[in-house]
>>> print(open('model.txt').read())   # compact mmCIF, C-alpha atoms
# COMPACT_ATOMS: atom_id res chain seq x y z
CA MET A 1 0.00 0.00 0.00
CA THR A 2 1.34 3.42 -0.93
CA LEU A 3 1.23 5.94 1.88
CA HIS A 4 0.26 9.55 1.24
CA ALA A 5 2.12 12.52 2.71
CA SER A 6 -0.72 13.22 5.14
CA GLU A 7 -0.31 9.77 6.69
CA THR A 8 3.13 10.68 8.06
CA ALA A 9 2.22 14.24 9.04
CA GLY A 10 2.95 13.67 12.73
CA ALA A 11 6.29 11.92 12.23
CA TRP A 12 9.46 13.61 13.45
CA TYR A 13 11.07 13.25 10.01
CA GLY A 14 8.31 15.13 8.17
CA THR A 15 6.32 14.24 5.09
CA ALA A 16 7.05 13.47 1.47
CA ALA A 17 5.87 16.97 0.63
CA ASP A 18 8.51 18.36 3.01
CA ALA A 19 11.25 16.14 1.58
CA LEU A 20 10.62 17.26 -2.00
CA PRO A 21 11.17 20.71 -3.56
CA ASP A 22 8.21 23.09 -3.68
CA ASP A 23 8.39 23.00 -7.49
CA VAL A 24 8.77 19.24 -7.61
CA ALA A 25 6.88 18.97 -10.89
CA GLU A 26 9.65 21.02 -12.52
CA SER A 27 12.54 19.34 -10.68
CA VAL A 28 14.81 16.58 -11.97
CA LEU A 29 15.54 14.51 -8.86
CA ILE A 30 17.67 11.44 -8.23
CA GLY A 31 18.52 9.51 -5.08
CA ARG A 32 19.34 6.10 -3.64
CA ILE A 33 17.44 3.42 -1.80
CA TRP A 34 18.41 0.22 -0.05
CA ASP A 35 16.66 -2.56 -1.96
CA PRO A 36 16.22 -5.61 0.30
CA ALA A 37 15.41 -7.81 -2.70
CA ALA A 38 18.79 -6.96 -4.23
CA GLY A 39 20.63 -6.91 -0.92
CA GLY A 40 22.16 -3.54 -1.75
CA PRO A 41 21.66 0.04 -2.94
CA SER A 42 20.00 1.20 -6.16
CA PRO A 43 19.88 4.63 -7.80
CA VAL A 44 16.34 5.94 -8.23
CA ILE A 45 14.64 8.85 -9.95
CA VAL A 46 11.61 10.70 -8.62
CA ARG A 47 8.60 11.01 -10.89
CA ASP A 48 5.06 11.99 -9.91
CA GLY A 49 5.72 11.15 -6.26
CA GLU A 50 7.03 7.67 -7.10
CA LEU A 51 10.53 6.21 -7.03
CA LEU A 52 11.77 4.40 -10.14
CA ASP A 53 14.78 2.07 -9.96
CA VAL A 54 17.29 2.76 -12.77
CA SER A 55 20.08 0.46 -11.57
CA ASP A 56 19.87 -1.71 -14.71
CA ARG A 57 21.30 1.23 -16.71
CA PHE A 58 23.15 3.14 -14.00
CA PRO A 59 24.54 0.89 -11.26
CA THR A 60 25.70 3.90 -9.24
CA VAL A 61 24.66 7.53 -8.84
CA SER A 62 28.20 8.42 -9.82
CA ASP A 63 27.66 6.74 -13.22
CA LEU A 64 24.56 8.82 -13.80
CA CYS A 65 26.18 12.08 -12.69
CA GLU A 66 29.13 11.56 -15.05
CA LEU A 67 26.88 11.75 -18.13
CA PRO A 68 27.31 14.74 -20.48
CA ASP A 69 23.83 16.01 -19.48
CA PRO A 70 22.50 14.10 -16.46
CA ALA A 71 19.28 16.10 -16.17
CA ALA A 72 18.32 15.54 -19.82
CA ALA A 73 19.08 11.83 -19.50
CA VAL A 74 16.92 11.46 -16.39
CA ALA A 75 14.06 13.51 -17.85
CA GLY A 76 13.65 10.94 -20.60
CA LEU A 77 14.36 7.89 -18.48
CA GLY A 78 11.97 5.19 -17.32
CA GLY A 79 12.55 2.67 -14.58
CA ARG A 80 11.15 -0.10 -12.44
CA PRO A 81 8.52 1.25 -10.02
CA VAL A 82 9.63 0.79 -6.41
CA ALA A 83 7.10 2.62 -4.22
CA GLY A 84 5.88 6.09 -3.41
CA VAL A 85 8.27 8.60 -1.84
CA ALA A 86 5.99 8.80 1.20
CA GLU A 87 6.02 5.04 1.73
CA VAL A 88 9.80 4.74 1.47
CA LEU A 89 10.35 7.80 3.67
CA ALA A 90 8.02 6.37 6.32
CA ASN A 91 9.96 3.10 6.37
CA THR A 92 13.27 5.01 6.54
CA GLY A 93 12.29 6.85 9.70
CA ALA A 94 10.23 4.12 11.34
CA ALA A 95 11.15 3.25 14.92
CA VAL A 96 11.16 -0.38 13.82
CA ARG A 97 12.02 -0.52 10.12
CA ASP A 98 10.49 -3.21 7.91
CA THR A 99 13.68 -4.64 6.44
CA THR A 100 11.74 -6.40 3.69
CA ARG A 101 10.79 -3.03 2.17
CA PRO A 102 13.09 -0.32 0.72
CA TRP A 103 14.33 2.74 2.59
CA LEU A 104 16.17 5.91 1.62
CA LEU A 105 19.94 6.33 1.71
CA ALA A 106 22.19 9.34 1.17
CA PRO A 107 21.79 10.26 -2.52
CA VAL A 108 25.50 9.85 -3.38
CA ASP A 109 27.74 6.79 -3.50
CA LEU A 110 31.23 6.74 -5.05
CA GLN A 111 31.71 10.52 -4.92
CA ALA A 112 34.34 11.84 -2.50
CA LEU A 113 32.81 13.64 0.50
CA LYS A 114 34.39 17.08 0.73
CA ALA A 115 33.53 20.30 2.55
CA ALA A 116 34.58 23.93 2.42
CA GLY A 117 34.95 25.80 5.69
CA VAL A 118 34.94 29.43 6.75
CA THR A 119 33.09 30.65 3.66
CA PHE A 120 30.84 33.08 5.54
CA ALA A 121 32.01 36.04 7.67
CA VAL A 122 29.90 35.08 10.69
CA SER A 123 31.20 31.52 10.81
CA MET A 124 34.74 32.83 10.25
CA ILE A 125 34.52 34.94 13.39
CA GLU A 126 33.11 31.97 15.30
CA ARG A 127 36.03 29.79 14.25
CA VAL A 128 38.46 32.42 15.54
CA ILE A 129 36.56 32.46 18.83
CA GLU A 130 36.71 28.65 19.04
CA GLU A 131 40.45 28.76 18.52
CA ARG A 132 41.05 31.33 21.23
CA ALA A 133 38.63 29.82 23.74
CA ARG A 134 40.20 26.34 23.40
CA GLY A 135 36.75 24.74 23.73
CA ASP A 136 35.70 26.78 26.82
CA LEU A 137 32.10 28.00 26.31
CA ALA A 138 32.22 30.69 29.00
CA LEU A 139 35.49 32.12 27.72
CA ALA A 140 34.06 32.09 24.17
CA ALA A 141 31.30 34.52 25.18
CA GLU A 142 33.87 36.97 26.58
CA ILE A 143 36.11 36.71 23.51
CA ARG A 144 33.14 37.11 21.15
CA HIS A 145 32.13 40.40 22.76
CA ARG A 146 35.67 41.79 22.77
CA MET A 147 36.59 40.65 19.26
CA LEU A 148 33.49 41.95 17.51
CA ALA A 149 34.04 45.29 19.18
CA ASP A 150 37.63 45.44 17.92
CA VAL A 151 37.39 43.85 14.47
CA GLY A 152 33.72 43.73 13.54
CA ASP A 153 32.15 41.07 11.34
CA ASP A 154 31.34 42.91 8.10
CA PHE A 155 33.52 40.98 5.64
CA HIS A 156 30.66 40.37 3.19
CA ASP A 157 32.02 42.57 0.40
CA LEU A 158 35.64 41.55 0.92
CA THR A 159 37.04 39.34 -1.85
CA PRO A 160 39.34 36.65 -0.43
CA GLY A 161 42.87 36.96 -1.76
CA SER A 162 42.34 40.55 -2.99
CA GLU A 163 44.64 43.50 -2.26
CA GLU A 164 42.04 44.81 0.17
CA ALA A 165 42.02 41.47 1.98
CA SER A 166 45.83 41.52 2.13
CA ARG A 167 45.78 45.00 3.69
CA LEU A 168 43.26 43.83 6.29
CA LYS A 169 45.49 40.84 7.05
CA GLU A 170 48.47 43.15 7.64
CA LEU A 171 46.36 45.29 9.99
CA LEU A 172 45.14 42.29 11.97
CA VAL A 173 48.66 40.87 12.24
CA ALA A 174 49.90 44.22 13.57
CA GLU A 175 47.11 44.21 16.17
CA GLY A 176 47.79 40.61 17.21
CA ALA A 177 44.33 39.54 16.01
CA TRP A 178 45.36 37.27 13.12
CA SER A 179 44.22 33.64 13.05
CA GLN A 180 44.48 30.59 10.84
CA TYR A 181 40.71 30.86 10.37
CA LEU A 182 41.00 34.41 9.09
CA GLU A 183 43.72 33.13 6.75
CA VAL A 184 41.32 30.75 5.01
CA GLY A 185 38.43 33.18 5.35
CA ILE A 186 40.00 36.10 3.48
CA GLY A 187 43.28 34.67 2.17
CA PRO A 188 43.83 33.26 -1.34
CA ASP A 189 43.43 29.58 -0.37
CA ALA A 190 40.09 28.16 0.76
CA GLU A 191 39.74 25.55 3.47
CA ILE A 192 38.62 22.36 1.74
CA PHE A 193 38.74 19.17 3.75
CA THR A 194 37.56 15.58 3.62
CA LYS A 195 34.29 15.35 5.51
CA GLY A 196 34.01 11.58 5.42
CA GLN A 197 34.92 8.48 3.50
CA VAL A 198 33.22 7.28 0.32
CA LEU A 199 29.82 5.71 1.10
CA SER A 200 29.87 6.86 4.75
CA ALA A 201 27.22 9.62 4.45
CA VAL A 202 23.75 9.10 5.91
CA GLY A 203 20.51 10.38 4.42
CA THR A 204 17.30 11.85 5.79
CA ALA A 205 15.06 10.41 8.55
CA VAL A 206 17.95 8.70 10.37
CA PRO A 207 20.23 9.71 13.27
CA VAL A 208 23.28 11.94 12.92
CA GLY A 209 26.14 11.40 15.32
CA VAL A 210 28.17 13.50 17.75
CA LEU A 211 30.80 11.90 19.96
CA ALA A 212 29.55 11.09 23.46
CA ALA A 213 32.55 12.89 24.99
CA SER A 214 31.76 16.18 23.19
CA THR A 215 30.15 18.93 25.28
CA TRP A 216 30.05 21.69 22.63
CA ASN A 217 28.81 20.81 19.16
CA ASN A 218 26.35 21.94 16.52
CA PRO A 219 24.84 21.27 13.08
CA GLU A 220 26.09 23.11 10.02
CA PRO A 221 23.27 23.55 7.47
CA GLU A 222 24.74 23.74 3.99
CA VAL A 223 24.16 23.40 0.27
CA ALA A 224 26.29 20.65 -1.28
CA LEU A 225 27.30 20.68 -4.95
CA ILE A 226 27.52 17.53 -7.06
CA VAL A 227 30.73 17.76 -9.07
CA GLN A 228 31.78 15.59 -12.00
CA SER A 229 35.30 14.21 -12.34
CA SER A 230 35.83 16.94 -14.96
CA GLY A 231 35.06 19.64 -12.40
CA ARG A 232 31.67 20.47 -13.93
CA ILE A 233 28.88 21.09 -11.41
CA VAL A 234 25.76 19.09 -12.28
CA GLY A 235 23.49 19.30 -9.24
CA ALA A 236 22.93 20.19 -5.61
CA THR A 237 21.52 18.76 -2.41
CA LEU A 238 21.32 19.70 1.27
CA GLY A 239 23.90 18.75 3.86
CA ASN A 240 24.62 18.76 7.58
CA ASP A 241 28.34 19.11 8.28
CA VAL A 242 28.05 18.08 11.95
CA ASN A 243 30.81 19.76 13.95
CA LEU A 244 32.38 19.26 17.40
CA ARG A 245 33.34 22.79 18.42
CA ASP A 246 35.12 21.78 21.61
CA VAL A 247 37.36 19.35 19.74
CA GLU A 248 38.31 21.70 16.89
CA GLY A 249 38.65 24.55 19.40
CA ARG A 250 41.40 22.69 21.25
CA SER A 251 43.43 22.41 18.05
CA ALA A 252 42.75 22.80 14.34
CA LEU A 253 44.88 19.68 13.88
CA LEU A 254 41.97 17.79 15.45
CA LEU A 255 39.70 18.72 12.53
CA PRO A 256 39.38 15.06 11.39
CA LYS A 257 38.19 14.07 14.88
CA ALA A 258 35.82 17.04 15.00
CA LYS A 259 34.33 16.39 11.55
CA ASP A 260 34.63 12.75 10.53
CA ASN A 261 32.77 10.41 12.88
CA ASN A 262 30.12 7.74 12.55
CA ALA A 263 26.97 9.31 10.96
CA SER A 264 28.47 12.81 11.12
CA CYS A 265 27.79 13.65 7.44
CA ALA A 266 24.16 13.85 6.34
CA LEU A 267 23.12 14.55 2.74
CA GLY A 268 19.78 14.59 0.94
CA PRO A 269 17.02 13.80 0.68
CA PHE A 270 17.59 13.92 -3.11
CA ILE A 271 19.96 15.47 -5.63
CA ARG A 272 18.39 18.11 -7.82
CA LEU A 273 20.14 18.01 -11.19
CA PHE A 274 20.95 21.23 -13.01
CA ASP A 275 18.76 22.09 -15.98
CA GLN A 276 17.29 25.23 -17.53
CA ARG A 277 15.13 25.86 -14.45
CA PHE A 278 17.71 25.22 -11.76
CA GLY A 279 21.42 25.91 -11.82
CA LEU A 280 24.21 27.83 -10.08
CA ASP A 281 22.39 31.15 -10.36
CA ARG A 282 19.56 29.67 -8.28
CA VAL A 283 22.03 28.15 -5.82
CA ARG A 284 23.62 31.56 -5.23
CA GLU A 285 20.20 32.95 -4.26
CA LEU A 286 19.06 30.11 -2.00
CA GLU A 287 18.14 30.59 1.63
CA VAL A 288 18.86 27.54 3.79
CA GLY A 289 16.66 27.27 6.85
CA LEU A 290 17.61 25.53 10.09
CA ALA A 291 15.24 24.44 12.84
CA ILE A 292 16.27 22.50 15.94
CA ASP A 293 13.71 21.04 18.32
CA GLY A 294 14.94 19.48 21.55
CA GLU A 295 13.20 17.05 23.83
CA ASP A 296 13.70 19.69 26.54
CA GLY A 297 11.38 22.10 24.70
CA PHE A 298 14.25 24.16 23.29
CA ARG A 299 13.75 25.50 19.76
CA LEU A 300 16.22 27.32 17.54
CA GLU A 301 15.61 28.76 14.09
CA ALA A 302 18.13 30.34 11.73
CA VAL A 303 18.65 31.09 8.05
CA SER A 304 21.79 31.03 5.91
CA GLU A 305 21.71 33.26 2.83
CA MET A 306 23.90 31.83 0.11
CA SER A 307 24.28 35.30 -1.38
CA ARG A 308 26.45 36.22 1.62
CA MET A 309 29.16 33.69 0.82
CA SER A 310 32.65 35.17 0.77
CA ARG A 311 33.74 32.88 -2.07
CA GLU A 312 31.97 31.98 -5.29
CA PRO A 313 30.90 28.31 -5.57
CA GLU A 314 32.79 27.94 -8.87
CA ALA A 315 35.96 29.28 -7.24
CA LEU A 316 35.69 26.66 -4.49
CA VAL A 317 35.21 23.90 -7.05
CA ARG A 318 38.28 25.09 -8.97
CA GLN A 319 40.30 24.76 -5.77
CA LEU A 320 38.86 21.26 -5.30
CA VAL A 321 39.20 19.76 -8.78
CA GLY A 322 41.78 20.47 -11.45
CA ARG A 323 45.21 19.46 -12.68
CA HIS A 324 46.36 19.62 -9.07
CA HIS A 325 43.80 17.06 -7.83
CA HIS A 326 41.51 14.53 -9.53
CA TYR A 327 38.37 12.74 -8.39
CA PRO A 328 37.67 10.00 -10.94
CA ASP A 329 34.23 9.21 -9.46
CA GLY A 330 33.28 12.84 -8.85
CA ALA A 331 32.85 14.65 -5.57
CA VAL A 332 30.30 16.27 -3.29
CA LEU A 333 31.34 19.69 -2.01
CA MET A 334 29.54 21.17 0.97
CA LEU A 335 29.74 24.95 0.63
CA GLY A 336 29.87 26.06 4.27
CA THR A 337 27.41 27.81 6.55
CA MET A 338 26.80 31.20 8.09
CA PHE A 339 25.05 29.58 11.07
CA ALA A 340 26.63 30.92 14.26
CA PRO A 341 25.32 28.88 17.21
CA ILE A 342 25.40 31.60 19.85
CA GLN A 343 21.79 31.39 21.11
CA ASP A 344 21.99 30.30 24.75
CA ARG A 345 20.45 26.94 25.56
CA ASP A 346 21.28 26.09 29.17
CA ARG A 347 23.22 28.92 30.83
CA PRO A 348 23.62 32.59 29.81
CA GLY A 349 26.69 33.20 27.70
CA GLU A 350 27.39 29.55 26.87
CA GLY A 351 25.61 29.48 23.51
CA PHE A 352 24.18 26.40 21.84
CA THR A 353 25.16 22.76 21.98
CA HIS A 354 23.29 19.63 20.91
CA LYS A 355 21.53 17.21 23.20
CA ARG A 356 20.55 13.67 22.36
CA GLY A 357 17.15 13.56 20.71
CA ASP A 358 17.41 16.97 19.01
CA VAL A 359 15.55 16.97 15.69
CA VAL A 360 17.46 18.99 13.08
CA GLU A 361 15.64 20.23 9.97
CA ILE A 362 17.66 21.76 7.14
CA SER A 363 15.47 23.08 4.36
CA SER A 364 15.31 25.13 1.20
CA PRO A 365 12.22 25.38 -1.03
CA ALA A 366 14.21 24.39 -4.13
CA LEU A 367 15.82 21.33 -2.49
CA GLY A 368 13.34 20.03 0.08
CA THR A 369 14.10 19.19 3.71
CA LEU A 370 16.81 17.06 5.28
CA VAL A 371 15.77 15.85 8.75
CA ASN A 372 17.89 13.99 11.29
CA ARG A 373 17.75 13.21 14.99
CA VAL A 374 20.91 13.67 17.07
CA GLN A 375 22.41 10.60 18.70
CA HIS A 376 25.83 9.71 20.04
CA ALA A 377 27.99 8.60 17.14
CA GLU A 378 28.86 5.48 19.09
CA ASP A 379 25.17 4.51 19.17
CA CYS A 380 24.31 5.26 15.53
CA ALA A 381 24.06 2.39 13.06
CA PRO A 382 27.62 1.32 12.17
CA TRP A 383 28.94 2.05 8.72
CA ASP A 384 29.52 -1.47 7.41
CA PHE A 385 28.81 -1.24 3.68
CA GLY A 386 31.88 0.05 1.89
CA VAL A 387 33.28 0.03 -1.63
CA ARG A 388 34.23 -3.66 -1.53
CA ALA A 389 30.71 -4.62 -0.43
CA LEU A 390 29.18 -2.41 -3.14
CA MET A 391 31.31 -3.89 -5.90
CA GLY A 392 30.53 -7.42 -4.73
CA ASN A 393 26.81 -6.68 -4.61
CA LEU A 394 26.75 -5.12 -8.08
CA ALA A 395 28.70 -8.07 -9.49
CA ARG A 396 26.26 -10.57 -8.01
CA ARG A 397 23.39 -8.60 -9.57
CA GLY A 398 25.09 -8.64 -12.96
CA LEU A 399 25.36 -4.83 -13.01
CA LEU A 400 29.11 -4.54 -13.54
>>> encode(input="model.txt", output="structure tokens")
Amino acid sequence: MTLHASETAGAWYGTAADALPDDVAESVLIGRIWDPAAGGPSPVIVRDGELLDVSDRFPTVSDLCELPDPAAAVAGLGGRPVAGVAEVLANTGAAVRDTTRPWLLAPVDLQALKAAGVTFAVSMIERVIEERARGDLALAAEIRHRMLADVGDDFHDLTPGSEEASRLKELLVAEGAWSQYLEVGIGPDAEIFTKGQVLSAVGTAVPVGVLAASTWNNPEPEVALIVQSSGRIVGATLGNDVNLRDVEGRSALLLPKAKDNNASCALGPFIRLFDQRFGLDRVRELEVGLAIDGEDGFRLEAVSEMSRMSREPEALVRQLVGRHHHYPDGAVLMLGTMFAPIQDRDRPGEGFTHKRGDVVEISSPALGTLVNRVQHAEDCAPWDFGVRALMGNLARRGLL
């Protein structure tokens, strides 16, 4: 039986209508499901609220995204009907999942999972504060007040790597206010790091993980670009670049521990492929909403405006892919966030940190809504299906 969106209206992970773009009829959408009958993942396309399996022609999402015109190929593509989006979403987020029926996965597979940091002025200032506070929430509040009074946070019109940026750097160095985060925020080289390993991302309606030992952490609502091996951008999705602020605050060399943990990278629900209706111009204008609802009654809402990015998306992709570095299966690049988690949750001046059970909604009308519930990374489902398992599964299915 196919469920309708209204039948999951009270679920914490939202409805099919929430998961899909507002203009879904004009969107070219692809994703992935776990197919119990096949014992592995299958790429799917979204059409009229239904999911169609296209694994017989495209064994991986990476294969599809490497086409000369992925959106045109999908628009004319048929497939094996799987189920309605609402039905599969409901099974994905069910407290007790029916493992005989399909559920949603992150919409990427063989693509490298990359992220750009410090691409908004507000988050740049927060990274500097993290560094100076060494993970101490109370000290962070004091530093924030003092630093914004001295330096300000209006870097919106400053072009990273420009002569103006270089002059500002010299001024800050002279005043003893320079930081490695300001270096990547306004310097010539962007911060681009590996968010997770191939196939380790989770999708919507499942837990995201923060380490149990972390006492200061937050979501990072972002737009993620789908990039071909050639460096061409062919689509976008939503992402949550979960971050442990106390860990990174102790040392930037702990970035892998702060960023790459079990279930710490969420993407989805679907990839929207670029076509005449949706492309980079739309991405630059997107507003990404964030809502956090805690079991303690706490609620936080915020919005990131992509137009306030310090670096152009194409410039970030050029620093990611080129003669200097290749990604033969393509890459996902999360573009960063302007979310500054300074709203107090427990005690005045200590800002925001996650608690177990928090429901995190990241949304944009053109991309839908990515919803996850916060859990300790140690308690999230283990990542046990890697590249070797995928290749073996596809071979058994005769898809290689």
>>> atom_distance(input="model.txt", atom1="CA of Ala389 in chain A", atom2="CA of Ala71 in chain A")
28.4 Å
>>> atom_distance(input="model.txt", atom1="CA of Ala75 in chain A", atom2="CA of Val108 in chain A")
18.8 Å
>>> closest_residue(input="model.txt", among="A:Ala340, A:Ala38, A:Ala366, A:Ala141", to="Arg272 in chain A", atoms="all atoms listed in the file")
A:Ala366
>>> atom_distance(input="model.txt", atom1="CA of Pro21 in chain A", atom2="CA of Ala83 in chain A")
18.6 Å
>>> closest_residue(input="model.txt", among="A:Ile30, A:Pro70, A:Ser179, A:Pro188", to="Ser166 in chain A", atoms="only C-alpha atoms")
A:Pro188
>>> residues_around(input="model.txt", residues="range 349-360 of chain A", least_positions_apart="6", cutoff="9 Å", atoms="only C-alpha atoms", output="PDB file with C-alpha atoms, keeping the file's coordinate frame")
ATOM      1  CA  TRP A  12       9.460  13.610  13.450  1.00  0.00           C
ATOM      2  CA  TYR A  13      11.070  13.250  10.010  1.00  0.00           C
ATOM      3  CA  ASP A 136      35.700  26.780  26.820  1.00  0.00           C
ATOM      4  CA  LEU A 137      32.100  28.000  26.310  1.00  0.00           C
ATOM      5  CA  ALA A 138      32.220  30.690  29.000  1.00  0.00           C
ATOM      6  CA  LEU A 139      35.490  32.120  27.720  1.00  0.00           C
ATOM      7  CA  ALA A 140      34.060  32.090  24.170  1.00  0.00           C
ATOM      8  CA  ALA A 141      31.300  34.520  25.180  1.00  0.00           C
ATOM      9  CA  GLU A 142      33.870  36.970  26.580  1.00  0.00           C
ATOM     10  CA  PRO A 207      20.230   9.710  13.270  1.00  0.00           C
ATOM     11  CA  VAL A 210      28.170  13.500  17.750  1.00  0.00           C
ATOM     12  CA  THR A 215      30.150  18.930  25.280  1.00  0.00           C
ATOM     13  CA  TRP A 216      30.050  21.690  22.630  1.00  0.00           C
ATOM     14  CA  ASN A 217      28.810  20.810  19.160  1.00  0.00           C
ATOM     15  CA  ASN A 218      26.350  21.940  16.520  1.00  0.00           C
ATOM     16  CA  PRO A 219      24.840  21.270  13.080  1.00  0.00           C
ATOM     17  CA  ARG A 245      33.340  22.790  18.420  1.00  0.00           C
ATOM     18  CA  LEU A 290      17.610  25.530  10.090  1.00  0.00           C
ATOM     19  CA  ALA A 291      15.240  24.440  12.840  1.00  0.00           C
ATOM     20  CA  ILE A 292      16.270  22.500  15.940  1.00  0.00           C
ATOM     21  CA  ASP A 293      13.710  21.040  18.320  1.00  0.00           C
ATOM     22  CA  GLY A 294      14.940  19.480  21.550  1.00  0.00           C
ATOM     23  CA  GLU A 295      13.200  17.050  23.830  1.00  0.00           C
ATOM     24  CA  ASP A 296      13.700  19.690  26.540  1.00  0.00           C
ATOM     25  CA  PHE A 298      14.250  24.160  23.290  1.00  0.00           C
ATOM     26  CA  PRO A 341      25.320  28.880  17.210  1.00  0.00           C
ATOM     27  CA  ILE A 342      25.400  31.600  19.850  1.00  0.00           C
ATOM     28  CA  GLN A 343      21.790  31.390  21.110  1.00  0.00           C
ATOM     29  CA  LEU A 370      16.810  17.060   5.280  1.00  0.00           C
ATOM     30  CA  VAL A 371      15.770  15.850   8.750  1.00  0.00           C
ATOM     31  CA  ASN A 372      17.890  13.990  11.290  1.00  0.00           C
ATOM     32  CA  ARG A 373      17.750  13.210  14.990  1.00  0.00           C
ATOM     33  CA  VAL A 374      20.910  13.670  17.070  1.00  0.00           C
ATOM     34  CA  GLN A 375      22.410  10.600  18.700  1.00  0.00           C
ATOM     35  CA  HIS A 376      25.830   9.710  20.040  1.00  0.00           C
TER      36      HIS A 376
END
>>> residues_around(input="model.txt", residues="range 331-334 of chain A", least_positions_apart="6", cutoff="6 Å", atoms="all atoms listed in the file", output="list in words")
Gln111, Ala112, Leu113, Lys114, Ala115, Ala116, Val223, Ala224, Leu225, Ile226 and Val227 of chain A
>>> residues_around(input="model.txt", residues="Gly39 in chain A", least_positions_apart="5", cutoff="10 Å", atoms="all atoms listed in the file", output="ChimeraX atom specification")
/A:34,390,393-394,396-397
>>> closest_residue(input="model.txt", among="A:Ala16, A:Leu77, A:Leu238, A:Ala377", to="Val208 in chain A", atoms="all atoms listed in the file")
A:Ala377
>>> closest_residue(input="model.txt", among="A:Gly117, A:Ala73, A:Leu267, A:Ser62", to="Asn243 in chain A", atoms="only C-alpha atoms")
A:Gly117
>>> closest_residue(input="model.txt", among="A:Glu361, A:Phe58, A:Glu305, A:Glu87", to="Phe339 in chain A", atoms="all atoms listed in the file")
A:Glu305
>>> residues_near_point(input="model.txt", point="(36.0, 24.7, -6.8)", cutoff="10 Å", atoms="all atoms listed in the file", output="list in words")
Ala116, Ala190, Ile192, Leu225, Val227, Gly231, Arg232, Ile233, Arg311, Glu312, Pro313, Glu314, Ala315, Leu316, Val317, Arg318, Gln319, Leu320, Val321, Gly322, Leu333 and Leu335 of chain A
>>> closest_residue(input="model.txt", among="A:Ser364, A:Thr194, A:Ser42, A:Thr159", to="Met309 in chain A", atoms="only C-alpha atoms")
A:Thr159
>>> build_atoms(input="model.txt", residues="range 240-244 of chain A", atoms="all heavy atoms", output="CSV table (one decimal), in the coordinates of the input")
chain,number,residue,atom,x,y,z
A,240,ASN,N,24.3,18.4,6.2
A,240,ASN,CA,24.6,18.8,7.6
A,240,ASN,C,26.0,18.3,7.9
A,240,ASN,O,26.3,17.2,8.0
A,240,ASN,CB,23.6,18.1,8.5
A,240,ASN,CG,23.8,18.5,10.0
A,240,ASN,OD1,24.7,19.3,10.3
A,240,ASN,ND2,22.9,18.1,10.8
A,241,ASP,N,26.9,19.3,8.0
A,241,ASP,CA,28.3,19.1,8.3
A,241,ASP,C,28.5,19.2,9.8
A,241,ASP,O,29.0,20.1,10.4
A,241,ASP,CB,29.2,20.2,7.6
A,241,ASP,CG,30.7,20.1,7.9
A,241,ASP,OD1,31.1,19.1,8.4
A,241,ASP,OD2,31.4,21.1,7.6
A,242,VAL,N,28.0,18.1,10.5
A,242,VAL,CA,28.0,18.1,12.0
A,242,VAL,C,29.5,18.4,12.5
A,242,VAL,O,30.4,17.8,12.0
A,242,VAL,CB,27.6,16.7,12.5
A,242,VAL,CG1,27.6,16.7,14.0
A,242,VAL,CG2,26.2,16.4,11.9
A,243,ASN,N,29.5,19.3,13.5
A,243,ASN,CA,30.8,19.8,14.0
A,243,ASN,C,30.9,19.7,15.5
A,243,ASN,O,30.0,20.0,16.2
A,243,ASN,CB,31.0,21.2,13.5
A,243,ASN,CG,32.4,21.7,13.9
A,243,ASN,OD1,33.4,21.1,13.7
A,243,ASN,ND2,32.4,23.0,14.4
A,244,LEU,N,32.1,19.3,16.0
A,244,LEU,CA,32.4,19.3,17.4
A,244,LEU,C,33.2,20.5,17.7
A,244,LEU,O,34.5,20.5,17.5
A,244,LEU,CB,33.1,18.0,17.8
A,244,LEU,CG,32.5,16.6,17.4
A,244,LEU,CD1,33.3,15.5,17.9
A,244,LEU,CD2,31.0,16.6,17.8
